[in-house]
>>> print(open('query21.cif').read())   # mmCIF, C-alpha atoms and all ligand atoms
data_input
loop_
_atom_site.label_atom_id
_atom_site.label_comp_id
_atom_site.auth_asym_id
_atom_site.auth_seq_id
_atom_site.Cartn_x
_atom_site.Cartn_y
_atom_site.Cartn_z
CA MET A 1 -94.42 -80.30 -71.93
CA THR A 2 -97.72 -80.94 -70.17
CA LYS A 3 -97.55 -82.68 -66.84
CA GLN A 4 -101.16 -83.62 -66.36
CA VAL A 5 -101.96 -86.78 -64.45
CA LEU A 6 -105.18 -88.72 -64.00
CA LEU A 7 -105.15 -90.18 -60.48
CA THR A 8 -107.74 -92.94 -60.08
CA GLY A 9 -108.65 -93.67 -56.46
CA GLY A 10 -107.18 -90.26 -55.62
CA ALA A 11 -109.63 -89.59 -52.77
CA GLY A 12 -108.54 -92.71 -50.86
CA TYR A 13 -105.87 -93.15 -48.21
CA ILE A 14 -102.80 -93.51 -50.42
CA GLY A 15 -104.23 -91.60 -53.40
CA SER A 16 -104.84 -88.44 -51.35
CA HIS A 17 -101.20 -88.42 -50.23
CA ILE A 18 -100.05 -88.99 -53.83
CA TYR A 19 -102.22 -86.05 -54.87
CA VAL A 20 -100.40 -83.78 -52.39
CA ALA A 21 -96.98 -85.04 -53.53
CA LEU A 22 -97.83 -84.56 -57.23
CA ILE A 23 -99.10 -81.01 -56.68
CA ALA A 24 -95.92 -80.20 -54.71
CA ALA A 25 -93.88 -81.55 -57.65
CA GLY A 26 -95.67 -79.24 -60.10
CA TYR A 27 -98.11 -81.63 -61.77
CA ASP A 28 -101.70 -80.86 -62.72
CA VAL A 29 -103.83 -83.63 -61.28
CA THR A 30 -107.37 -84.83 -61.84
CA ILE A 31 -108.83 -87.20 -59.26
CA TYR A 32 -111.14 -89.90 -60.61
CA ASP A 33 -112.95 -91.69 -57.77
CA ASN A 34 -116.42 -93.07 -57.09
CA PHE A 35 -116.03 -92.29 -53.34
CA ASP A 36 -117.02 -95.85 -52.48
CA ASN A 37 -114.28 -95.90 -49.85
CA ALA A 38 -113.53 -92.23 -49.38
CA SER A 39 -115.14 -89.35 -47.50
CA LYS A 40 -116.78 -86.60 -49.48
CA ASP A 41 -114.76 -83.96 -47.66
CA VAL A 42 -111.38 -85.22 -48.93
CA PRO A 43 -111.24 -82.68 -51.82
CA ASP A 44 -111.82 -79.79 -49.37
CA ARG A 45 -109.09 -81.12 -47.15
CA LEU A 46 -106.73 -81.45 -50.12
CA GLU A 47 -107.49 -77.81 -50.94
CA GLN A 48 -106.57 -76.83 -47.39
CA ILE A 49 -103.22 -78.61 -47.72
CA THR A 50 -102.29 -77.54 -51.26
CA GLY A 51 -104.08 -74.17 -51.51
CA GLN A 52 -105.59 -75.30 -54.77
CA LYS A 53 -109.10 -76.65 -55.47
CA PRO A 54 -108.76 -80.21 -56.77
CA ASP A 55 -110.21 -81.17 -60.12
CA VAL A 56 -112.42 -84.14 -59.20
CA ILE A 57 -114.46 -86.48 -61.36
CA GLU A 58 -116.84 -88.58 -59.28
CA ALA A 59 -117.26 -91.71 -61.38
CA ASP A 60 -116.65 -95.42 -61.46
CA ILE A 61 -113.60 -96.95 -63.15
CA LEU A 62 -115.98 -99.51 -64.68
CA ASP A 63 -118.03 -96.73 -66.30
CA ARG A 64 -116.50 -96.63 -69.76
CA THR A 65 -118.60 -93.65 -70.85
CA SER A 66 -117.38 -91.50 -67.96
CA LEU A 67 -113.79 -92.57 -68.50
CA ARG A 68 -114.01 -91.74 -72.20
CA ALA A 69 -115.55 -88.34 -71.47
CA CYS A 70 -112.79 -87.71 -68.93
CA PHE A 71 -110.05 -88.49 -71.48
CA SER A 72 -111.62 -86.34 -74.18
CA SER A 73 -112.22 -83.36 -71.88
CA ARG A 74 -108.63 -83.09 -70.61
CA LYS A 75 -105.15 -83.66 -72.04
CA PHE A 76 -103.43 -86.13 -69.76
CA ASP A 77 -99.96 -87.47 -70.27
CA ALA A 78 -100.16 -90.21 -67.64
CA VAL A 79 -102.45 -92.24 -65.42
CA ILE A 80 -101.66 -93.32 -61.88
CA HIS A 81 -104.09 -96.13 -61.16
CA LEU A 82 -105.09 -96.87 -57.57
CA ALA A 83 -108.88 -97.29 -57.77
CA ALA A 84 -109.51 -100.77 -56.44
CA ARG A 85 -111.07 -102.81 -53.68
CA LYS A 86 -108.42 -103.69 -51.10
CA SER A 87 -109.68 -105.91 -48.29
CA VAL A 88 -108.27 -109.44 -48.29
CA ALA A 89 -111.08 -110.75 -46.04
CA GLU A 90 -113.80 -109.16 -48.18
CA SER A 91 -112.17 -110.55 -51.32
CA VAL A 92 -112.48 -114.07 -49.90
CA ALA A 93 -116.18 -113.49 -49.20
CA ARG A 94 -116.96 -111.65 -52.48
CA PRO A 95 -114.31 -112.63 -55.05
CA LEU A 96 -116.39 -111.69 -58.10
CA ASP A 97 -116.77 -108.09 -56.90
CA TYR A 98 -112.98 -107.95 -56.60
CA PHE A 99 -112.43 -109.43 -60.05
CA GLU A 100 -114.86 -106.91 -61.51
CA THR A 101 -113.44 -103.75 -59.92
CA ASN A 102 -109.78 -104.67 -59.89
CA ILE A 103 -109.41 -106.70 -63.10
CA ALA A 104 -112.22 -105.46 -65.36
CA GLY A 105 -111.32 -101.97 -64.06
CA ILE A 106 -107.74 -102.06 -65.34
CA ILE A 107 -108.81 -103.59 -68.66
CA ILE A 108 -111.36 -100.84 -69.31
CA LEU A 109 -108.84 -98.22 -68.24
CA LEU A 110 -106.15 -99.57 -70.60
CA GLN A 111 -108.61 -99.78 -73.49
CA GLU A 112 -109.69 -96.18 -72.98
CA MET A 113 -106.08 -95.05 -72.57
CA GLU A 114 -105.25 -96.72 -75.88
CA ARG A 115 -108.22 -95.03 -77.54
CA ALA A 116 -107.05 -91.67 -76.17
CA GLY A 117 -103.43 -92.31 -77.25
CA LEU A 118 -102.21 -92.25 -73.67
CA LYS A 119 -99.01 -94.26 -73.13
CA ASP A 120 -97.88 -93.93 -69.51
CA ILE A 121 -99.35 -95.76 -66.52
CA VAL A 122 -98.20 -96.22 -62.95
CA PHE A 123 -99.97 -99.07 -61.18
CA SER A 124 -100.32 -99.70 -57.45
CA SER A 125 -99.54 -103.33 -56.85
CA SER A 126 -98.80 -104.99 -53.56
CA ALA A 127 -96.22 -107.15 -51.81
CA THR A 128 -99.07 -109.65 -51.46
CA VAL A 129 -97.97 -110.95 -54.89
CA TYR A 130 -95.05 -112.66 -53.09
CA GLY A 131 -97.56 -115.09 -51.55
CA HIS A 132 -96.03 -116.92 -48.57
CA PRO A 133 -92.36 -116.02 -48.92
CA GLU A 134 -89.55 -117.96 -47.30
CA GLN A 135 -86.88 -115.31 -47.89
CA LYS A 136 -85.87 -112.68 -45.33
CA SER A 137 -85.62 -109.99 -47.97
CA LEU A 138 -87.70 -109.95 -51.13
CA PRO A 139 -86.20 -108.77 -54.41
CA GLU A 140 -88.57 -108.27 -57.36
CA THR A 141 -87.26 -111.53 -58.83
CA ALA A 142 -88.66 -113.55 -55.89
CA GLU A 143 -91.29 -116.11 -56.76
CA VAL A 144 -94.82 -114.73 -57.04
CA SER A 145 -98.12 -116.40 -56.23
CA HIS A 146 -101.53 -115.55 -54.84
CA THR A 147 -103.06 -116.70 -51.59
CA ASN A 148 -106.45 -114.96 -51.79
CA PRO A 149 -108.68 -113.32 -54.46
CA TYR A 150 -107.30 -109.83 -53.72
CA GLY A 151 -103.74 -111.06 -54.34
CA PHE A 152 -104.96 -112.77 -57.49
CA THR A 153 -106.31 -109.44 -58.80
CA LYS A 154 -102.98 -107.67 -58.18
CA LEU A 155 -100.92 -110.41 -59.80
CA THR A 156 -103.34 -110.64 -62.73
CA SER A 157 -103.25 -106.87 -63.20
CA GLU A 158 -99.44 -106.98 -63.33
CA GLN A 159 -99.66 -109.70 -65.97
CA ILE A 160 -102.28 -107.77 -67.97
CA LEU A 161 -99.97 -104.74 -68.00
CA SER A 162 -97.05 -106.87 -69.09
CA GLN A 163 -99.03 -108.48 -71.94
CA ALA A 164 -100.44 -105.12 -73.03
CA GLN A 165 -96.89 -103.84 -73.16
CA ALA A 166 -95.75 -106.85 -75.18
CA ALA A 167 -98.35 -105.88 -77.78
CA ASP A 168 -97.52 -102.16 -77.70
CA ALA A 169 -93.86 -101.31 -77.17
CA GLY A 170 -94.82 -97.65 -76.79
CA LEU A 171 -96.69 -98.35 -73.57
CA ASN A 172 -94.64 -97.27 -70.54
CA VAL A 173 -95.52 -99.05 -67.32
CA GLY A 174 -94.43 -98.46 -63.74
CA ILE A 175 -95.52 -101.23 -61.37
CA LEU A 176 -95.05 -100.42 -57.70
CA ARG A 177 -95.30 -103.22 -55.15
CA TYR A 178 -96.15 -101.57 -51.84
CA PHE A 179 -95.16 -103.16 -48.57
CA ASN A 180 -97.20 -101.99 -45.52
CA PRO A 181 -98.29 -98.36 -45.93
CA ALA A 182 -98.66 -96.59 -42.59
CA GLY A 183 -98.94 -93.14 -41.06
CA ALA A 184 -100.61 -89.96 -42.24
CA HIS A 185 -99.93 -86.47 -43.56
CA PRO A 186 -98.42 -84.21 -40.87
CA SER A 187 -101.37 -81.81 -41.15
CA GLY A 188 -103.71 -84.46 -39.74
CA LEU A 189 -106.14 -83.62 -42.57
CA ILE A 190 -105.77 -86.88 -44.53
CA GLY A 191 -105.00 -90.41 -43.39
CA ASP A 192 -106.14 -94.02 -43.28
CA ASP A 193 -109.87 -94.04 -42.74
CA PRO A 194 -111.19 -97.59 -42.36
CA ASN A 195 -114.96 -98.18 -42.38
CA SER A 196 -114.93 -100.74 -39.59
CA LEU A 197 -112.49 -102.22 -37.08
CA PRO A 198 -109.35 -102.57 -39.22
CA ASN A 199 -107.13 -105.60 -39.72
CA ASN A 200 -103.92 -103.67 -40.37
CA LEU A 201 -101.64 -103.23 -37.37
CA LEU A 202 -101.29 -99.44 -37.21
CA PRO A 203 -104.97 -98.54 -37.70
CA TYR A 204 -105.80 -101.22 -35.12
CA LEU A 205 -103.34 -99.76 -32.62
CA ALA A 206 -105.02 -96.40 -33.24
CA GLU A 207 -108.36 -97.94 -32.24
CA VAL A 208 -106.81 -99.34 -29.06
CA ALA A 209 -105.27 -95.96 -28.29
CA LEU A 210 -108.66 -94.26 -28.83
CA GLY A 211 -110.37 -96.78 -26.53
CA ASN A 212 -112.48 -98.29 -29.33
CA ALA A 213 -110.77 -101.68 -28.96
CA PRO A 214 -109.72 -103.10 -25.56
CA HIS A 215 -106.32 -104.45 -26.56
CA LEU A 216 -104.15 -105.60 -29.44
CA ASN A 217 -104.18 -109.32 -30.16
CA VAL A 218 -100.62 -110.39 -30.93
CA PHE A 219 -100.91 -113.46 -33.12
CA GLY A 220 -97.84 -115.62 -32.62
CA THR A 221 -95.08 -114.97 -30.08
CA ASP A 222 -92.91 -117.97 -30.93
CA TYR A 223 -91.57 -116.94 -34.32
CA ASP A 224 -87.84 -117.14 -34.91
CA THR A 225 -87.37 -113.38 -34.43
CA PRO A 226 -85.66 -111.36 -31.67
CA ASP A 227 -88.89 -110.89 -29.65
CA GLY A 228 -90.85 -113.85 -31.07
CA THR A 229 -93.41 -111.73 -32.95
CA GLY A 230 -93.74 -111.39 -36.73
CA LEU A 231 -91.69 -108.88 -38.70
CA ARG A 232 -93.08 -106.60 -41.42
CA ASP A 233 -91.76 -103.76 -43.55
CA TYR A 234 -93.83 -100.61 -42.90
CA ILE A 235 -93.46 -97.64 -45.20
CA HIS A 236 -94.68 -94.12 -44.36
CA VAL A 237 -97.43 -93.10 -46.76
CA ASP A 238 -95.61 -89.82 -47.53
CA ASP A 239 -92.55 -91.80 -48.66
CA LEU A 240 -94.83 -94.09 -50.67
CA ALA A 241 -96.44 -91.07 -52.32
CA ARG A 242 -93.01 -89.70 -53.27
CA GLY A 243 -92.26 -93.06 -54.88
CA HIS A 244 -95.13 -92.44 -57.30
CA VAL A 245 -93.80 -89.02 -58.26
CA LEU A 246 -90.41 -90.60 -58.99
CA SER A 247 -92.04 -93.43 -60.93
CA ARG A 248 -94.02 -90.96 -63.03
CA ALA A 249 -90.87 -88.84 -63.61
CA THR A 250 -88.89 -91.94 -64.65
CA LEU A 251 -91.50 -92.83 -67.28
CA LEU A 252 -91.65 -89.22 -68.47
CA ASP A 253 -87.92 -88.47 -68.61
CA LYS A 254 -86.46 -91.85 -69.57
CA GLN A 255 -89.41 -93.85 -70.96
CA CYS A 256 -88.04 -96.49 -68.59
CA SER A 257 -90.67 -99.05 -67.61
CA HIS A 258 -90.09 -100.63 -64.24
CA LEU A 259 -91.42 -103.04 -61.64
CA VAL A 260 -90.12 -102.18 -58.18
CA ASN A 261 -90.76 -102.72 -54.49
CA LEU A 262 -91.63 -99.71 -52.38
CA GLY A 263 -90.53 -100.54 -48.85
CA THR A 264 -87.86 -99.51 -46.38
CA GLY A 265 -85.89 -102.78 -46.30
CA ARG A 266 -86.18 -102.72 -42.49
CA ALA A 267 -88.48 -105.20 -40.78
CA VAL A 268 -90.24 -104.13 -37.57
CA SER A 269 -91.86 -106.55 -35.12
CA VAL A 270 -95.40 -106.35 -33.76
CA MET A 271 -94.02 -105.66 -30.26
CA GLU A 272 -91.74 -102.90 -31.54
CA MET A 273 -94.71 -101.26 -33.24
CA LEU A 274 -96.81 -101.61 -30.08
CA LYS A 275 -94.06 -99.86 -28.08
CA ALA A 276 -93.71 -97.12 -30.69
CA TYR A 277 -97.46 -96.44 -30.76
CA SER A 278 -97.56 -96.45 -26.95
CA ALA A 279 -94.84 -93.80 -26.98
CA ALA A 280 -96.75 -91.77 -29.58
CA CYS A 281 -100.03 -91.75 -27.61
CA GLY A 282 -98.36 -91.43 -24.22
CA ARG A 283 -99.61 -94.59 -22.51
CA ASN A 284 -98.84 -98.30 -22.51
CA LEU A 285 -101.33 -99.95 -24.86
CA ARG A 286 -102.63 -103.34 -23.73
CA HIS A 287 -102.01 -106.49 -25.70
CA LYS A 288 -102.90 -110.17 -25.43
CA ASN A 289 -100.74 -112.95 -26.79
CA GLN A 290 -102.62 -115.30 -29.09
CA PRO A 291 -101.60 -118.40 -31.09
CA ARG A 292 -100.21 -117.95 -34.60
CA ARG A 293 -102.79 -117.31 -37.33
CA ALA A 294 -102.96 -119.71 -40.25
CA GLY A 295 -101.20 -118.27 -43.30
CA ASP A 296 -99.01 -115.73 -41.42
CA VAL A 297 -95.30 -115.78 -42.19
CA THR A 298 -92.34 -114.89 -39.98
CA ILE A 299 -91.05 -112.00 -42.04
CA TYR A 300 -92.18 -109.94 -45.01
CA CYS A 301 -89.57 -107.38 -45.98
CA ALA A 302 -88.63 -105.56 -49.17
CA ASP A 303 -85.30 -105.52 -50.86
CA PRO A 304 -85.51 -101.82 -51.79
CA SER A 305 -82.31 -101.69 -53.86
CA LEU A 306 -83.91 -101.79 -57.33
CA ALA A 307 -86.21 -98.85 -56.54
CA LYS A 308 -83.14 -96.94 -55.38
CA ARG A 309 -81.24 -97.77 -58.56
CA ILE A 310 -84.04 -97.12 -61.06
CA LEU A 311 -86.09 -94.39 -59.38
CA GLY A 312 -83.54 -92.92 -56.97
CA PHE A 313 -86.09 -93.78 -54.27
CA GLU A 314 -85.15 -93.96 -50.60
CA THR A 315 -87.41 -93.69 -47.59
CA THR A 316 -86.86 -90.86 -45.12
CA LYS A 317 -89.40 -91.55 -42.38
CA ASP A 318 -89.21 -94.09 -39.56
CA VAL A 319 -91.61 -95.98 -37.34
CA MET A 320 -91.97 -93.10 -34.86
CA ASP A 321 -92.93 -90.78 -37.74
CA MET A 322 -95.59 -93.33 -38.72
CA CYS A 323 -97.00 -93.67 -35.20
CA ASN A 324 -96.88 -89.95 -34.36
CA SER A 325 -98.59 -88.94 -37.61
CA SER A 326 -101.20 -91.70 -37.27
CA TRP A 327 -102.00 -90.62 -33.70
CA ASN A 328 -102.21 -86.97 -34.77
CA TRP A 329 -104.61 -87.96 -37.59
CA VAL A 330 -106.94 -90.16 -35.53
CA GLN A 331 -107.13 -87.70 -32.65
CA LYS A 332 -108.16 -84.90 -34.98
CA ASN A 333 -110.73 -87.08 -36.78
CA LYS A 334 -112.46 -89.14 -34.13
CA SER A 335 -115.97 -88.76 -35.57
CA ARG A 336 -114.87 -89.10 -39.18
CA ASN A 337 -116.42 -92.44 -40.08
CA GLU A 338 -119.87 -90.87 -39.82
CA MET A 339 -119.15 -88.92 -43.03
CA LYS A 340 -118.42 -91.95 -45.20
CA GLY A 341 -121.06 -93.10 -47.62
CA ASP A 342 -123.00 -89.81 -47.31
N1 LIG B 1 -103.44 -99.78 -48.07
C1 LIG B 1 -102.66 -100.85 -48.26
O1 LIG B 1 -102.24 -101.50 -47.29
C2 LIG B 1 -102.25 -101.25 -49.66
C3 LIG B 1 -101.16 -102.13 -49.83
C4 LIG B 1 -100.80 -102.50 -51.13
C5 LIG B 1 -101.51 -102.02 -52.22
N2 LIG B 1 -102.55 -101.18 -52.03
C6 LIG B 1 -103.28 -100.69 -53.20
O2 LIG B 1 -103.21 -99.28 -53.23
C7 LIG B 1 -104.39 -98.74 -53.81
C8 LIG B 1 -104.98 -97.70 -52.87
O3 LIG B 1 -105.19 -98.28 -51.60
P1 LIG B 1 -105.75 -97.43 -50.37
O4 LIG B 1 -105.23 -98.07 -49.15
O5 LIG B 1 -105.53 -95.98 -50.60
O6 LIG B 1 -107.28 -97.79 -50.50
P2 LIG B 1 -108.57 -96.85 -50.42
O7 LIG B 1 -109.74 -97.74 -50.37
O8 LIG B 1 -108.40 -95.84 -49.32
O9 LIG B 1 -108.49 -96.09 -51.81
C9 LIG B 1 -109.03 -96.63 -52.98
C10 LIG B 1 -109.85 -95.54 -53.63
O10 LIG B 1 -110.41 -96.07 -54.84
C11 LIG B 1 -111.79 -95.71 -54.90
N3 LIG B 1 -112.48 -96.72 -55.68
C12 LIG B 1 -112.74 -98.01 -55.32
N4 LIG B 1 -113.41 -98.63 -56.31
C13 LIG B 1 -113.56 -97.71 -57.31
C14 LIG B 1 -114.19 -97.76 -58.58
N5 LIG B 1 -114.81 -98.86 -59.00
N6 LIG B 1 -114.17 -96.66 -59.35
C15 LIG B 1 -113.58 -95.53 -58.91
N7 LIG B 1 -112.97 -95.42 -57.71
C16 LIG B 1 -112.97 -96.52 -56.91
C17 LIG B 1 -112.25 -95.64 -53.46
O11 LIG B 1 -113.40 -94.81 -53.29
C18 LIG B 1 -111.02 -95.08 -52.75
O12 LIG B 1 -111.05 -93.68 -52.70
C19 LIG B 1 -105.31 -99.92 -54.08
O13 LIG B 1 -105.16 -100.30 -55.42
C20 LIG B 1 -104.77 -100.98 -53.16
O14 LIG B 1 -105.06 -102.28 -53.63
C21 LIG B 1 -102.94 -100.77 -50.77
#
>>> encode(input="query21.cif", output="structure tokens", more="lines below")
Ligand SMILES: NC(=O)c1ccc[n+]([C@@H]2O[C@H](COP(=O)([O-])OP(=O)(O)OC[C@H]3O[C@@H](n4cnc5c(N)ncnc54)[C@H](O)[C@@H]3O)[C@@H](O)[C@H]2O)c1
Amino acid sequence: MTKQVLLTGGAGYIGSHIYVALIAAGYDVTIYDNFDNASKDVPDRLEQITGQKPDVIEADILDRTSLRACFSSRKFDAVIHLAARKSVAESVARPLDYFETNIAGIIILLQEMERAGLKDIVFSSSATVYGHPEQKSLPETAEVSHTNPYGFTKLTSEQILSQAQAADAGLNVGILRYFNPAGAHPSGLIGDDPNSLPNNLLPYLAEVALGNAPHLNVFGTDYDTPDGTGLRDYIHVDDLARGHVLSRATLLDKQCSHLVNLGTGRAVSVMEMLKAYSAACGRNLRHKNQPRRAGDVTIYCADPSLAKRILGFETTKDVMDMCNSSWNWVQKNKSRNEMKGD
């Protein structure tokens, strides 16, 4: 049986780690990416890690002609779809661009998959579909909503997949709702590579540790949590990548469609993460307490039990693994942003 996967967005942060995990699991993988948010040297770095030159198609997910040519030139048995725009703030400023890439993108992809007779798709969704949750632990049955255009595109994509499946029972769909991906590959060759000062906690702490930002702003210290700061579920990107391999295998072996959270089920506070990153970089990182931000919630944490039951997925890496691997990555790649958009 062929095990050939098309990995859209495979040159990006999470996609590059999935590529490594798929190769290690014995899959043939083709990366399809327009390099809008990825460095051109990612394929070389993937070759250094895997010992194998990646098959890369540089093209846009909206380019139907390229997608069609890609499907007719290779015999895939699954698509793992990550190619998307991902900034919440940018989505508020430019919603139509987000609707085009993230929603039109998945529609074109599904149409071309149908044309090529391809029946298996794994889709990267996000815990953002839970909106502003009240619950301490979020099972997949929790209420969903959107609070910004990015979240709208993820929720709409989930619904598009579900409706497409209703019309074609042969379509196998794995929807993975990521919590907060963090950390980097132990080689330090691939990792999160933001274009500008990031909003996410770990990449921001990396900037503070590198001296590019003076301190961490801690928004809200009066939450009902042990240290007063907000709690989030961070998942190591290597664990997340393994979740995709298991999702793909579950579709392949059992034709079992699924919608699952990928998280650890353990919530970590902002102050705990600050301490862990300080330990990783070897000095106490500065922080300033600030008022709560509008829209932030006390806790955002996965109930990971369904992913365990359906995929056999459990995380293996902890917060120190995330901070140590992030620090290793950023130290080795201080001048990296200059390469983006070449
Ligand atoms: N990073 C997170 O915190 C997070 C959380 C939940 C879900 N996700 C989802 O995971 C996926 C990957 O996220 P990431 O953090 O690796 O982001 P990323 O920006 O690093 O990777 C996305 C990749 O898709 C490519 N891409 C973007 N638009 C494209 C297009 N039109 N055609 C072809 N390729 C295109 C980019 O060049 C990039 O390599 C996205 O779908 C994102 O929404 C990310």
>>> atom_distance(input="query21.cif", atom1="CA of Ile299 (chain A)", atom2="CA of Pro95 (chain A)")
26.7 Å
>>> closest_residue(input="query21.cif", among="A:Asp233, A:Glu90, A:Glu140, A:Asp63", to="ligand LIG 1 (chain B)", atoms="all atoms listed in the file")
A:Asp63
>>> residues_around(input="query21.cif", residues="Asp97 (chain A)", least_positions_apart="3", cutoff="12 Å", atoms="all atoms listed in the file", output="VMD selection string")
chain A and resid 62 84 to 87 90 to 94 100 to 105 149 to 150 153
>>> write_last_selection(input="query21.cif", atoms="C-alpha atoms", output="PDB file, keeping the file's coordinate frame")
ATOM      1  CA  LEU A  62    -115.980 -99.510 -64.680  1.00  0.00           C
ATOM      2  CA  ALA A  84    -109.510-100.770 -56.440  1.00  0.00           C
ATOM      3  CA  ARG A  85    -111.070-102.810 -53.680  1.00  0.00           C
ATOM      4  CA  LYS A  86    -108.420-103.690 -51.100  1.00  0.00           C
ATOM      5  CA  SER A  87    -109.680-105.910 -48.290  1.00  0.00           C
ATOM      6  CA  GLU A  90    -113.800-109.160 -48.180  1.00  0.00           C
ATOM      7  CA  SER A  91    -112.170-110.550 -51.320  1.00  0.00           C
ATOM      8  CA  VAL A  92    -112.480-114.070 -49.900  1.00  0.00           C
ATOM      9  CA  ALA A  93    -116.180-113.490 -49.200  1.00  0.00           C
ATOM     10  CA  ARG A  94    -116.960-111.650 -52.480  1.00  0.00           C
ATOM     11  CA  GLU A 100    -114.860-106.910 -61.510  1.00  0.00           C
ATOM     12  CA  THR A 101    -113.440-103.750 -59.920  1.00  0.00           C
ATOM     13  CA  ASN A 102    -109.780-104.670 -59.890  1.00  0.00           C
ATOM     14  CA  ILE A 103    -109.410-106.700 -63.100  1.00  0.00           C
ATOM     15  CA  ALA A 104    -112.220-105.460 -65.360  1.00  0.00           C
ATOM     16  CA  GLY A 105    -111.320-101.970 -64.060  1.00  0.00           C
ATOM     17  CA  PRO A 149    -108.680-113.320 -54.460  1.00  0.00           C
ATOM     18  CA  TYR A 150    -107.300-109.830 -53.720  1.00  0.00           C
ATOM     19  CA  THR A 153    -106.310-109.440 -58.800  1.00  0.00           C
TER      20      THR A 153
END
>>> closest_residue(input="query21.cif", among="A:Phe99, A:Phe35, A:Phe152, A:Trp327", to="ligand LIG 1 (chain B)", atoms="only C-alpha atoms and all ligand atoms")
A:Phe35
>>> residues_near_ligand(input="query21.cif", ligand="ligand LIG 1 (chain B)", cutoff="6 Å", atoms="only C-alpha atoms and all ligand atoms", output="list in words")
Gly9, Gly10, Ala11, Gly12, Tyr13, Ile14, Gly15, Asp33, Asn34, Phe35, Asp36, Asn37, Ala38, Ala59, Asp60, Ile61, Leu62, Leu82, Ala83, Ala84, Arg85, Lys86, Thr101, Ser124, Ser125, Ser126, Tyr178, Asn180 and Pro181 of chain A
>>> residues_around(input="query21.cif", residues="region 252-255 of chain A", least_positions_apart="3", cutoff="9 Å", atoms="only C-alpha atoms", output="PyMOL selection string")
chain A and resi 3+77-78+120+170-173+247-249
>>> residues_near_point(input="query21.cif", point="(-98.7, -91.8, -41.9)", cutoff="6 Å", atoms="all atoms listed in the file", output="short mmCIF file (atom, residue, chain, number, x, y, z; two decimals) with C-alpha atoms, in the frame of the given file")
data_model
loop_
_atom_site.label_atom_id
_atom_site.label_comp_id
_atom_site.auth_asym_id
_atom_site.auth_seq_id
_atom_site.Cartn_x
_atom_site.Cartn_y
_atom_site.Cartn_z
CA ALA A 182 -98.66 -96.59 -42.59
CA GLY A 183 -98.94 -93.14 -41.06
CA ALA A 184 -100.61 -89.96 -42.24
CA HIS A 185 -99.93 -86.47 -43.56
CA HIS A 236 -94.68 -94.12 -44.36
CA VAL A 237 -97.43 -93.10 -46.76
CA MET A 322 -95.59 -93.33 -38.72
CA SER A 325 -98.59 -88.94 -37.61
CA SER A 326 -101.20 -91.70 -37.27
#
>>> closest_residue(input="query21.cif", among="A:Thr8, A:Thr50, A:Asn199, A:Ser269", to="Pro226 (chain A)", atoms="all atoms listed in the file")
A:Ser269
>>> closest_residue(input="query21.cif", among="A:Asn261, A:Ser73, A:Gln52, A:Asn200", to="Thr315 (chain A)", atoms="only C-alpha atoms")
A:Asn261
>>> closest_residue(input="query21.cif", among="A:Ile190, A:Ala116, A:Leu201, A:Met273", to="Ile18 (chain A)", atoms="only C-alpha atoms")
A:Ile190
>>> atom_distance(input="query21.cif", atom1="CA of Lys332 (chain A)", atom2="CA of Ser187 (chain A)")
9.7 Å
>>> residues_around(input="query21.cif", residues="Arg64 (chain A)", least_positions_apart="5", cutoff="9 Å", atoms="all atoms listed in the file", output="list in words")
Ala69, Ile108, Leu109 and Glu112 of chain A
>>> residues_around(input="query21.cif", residues="Phe313 (chain A)", least_positions_apart="4", cutoff="12 Å", atoms="all atoms listed in the file", output="PyMOL selection string")
chain A and resi 176+239-247+249-250+260-264+304-309
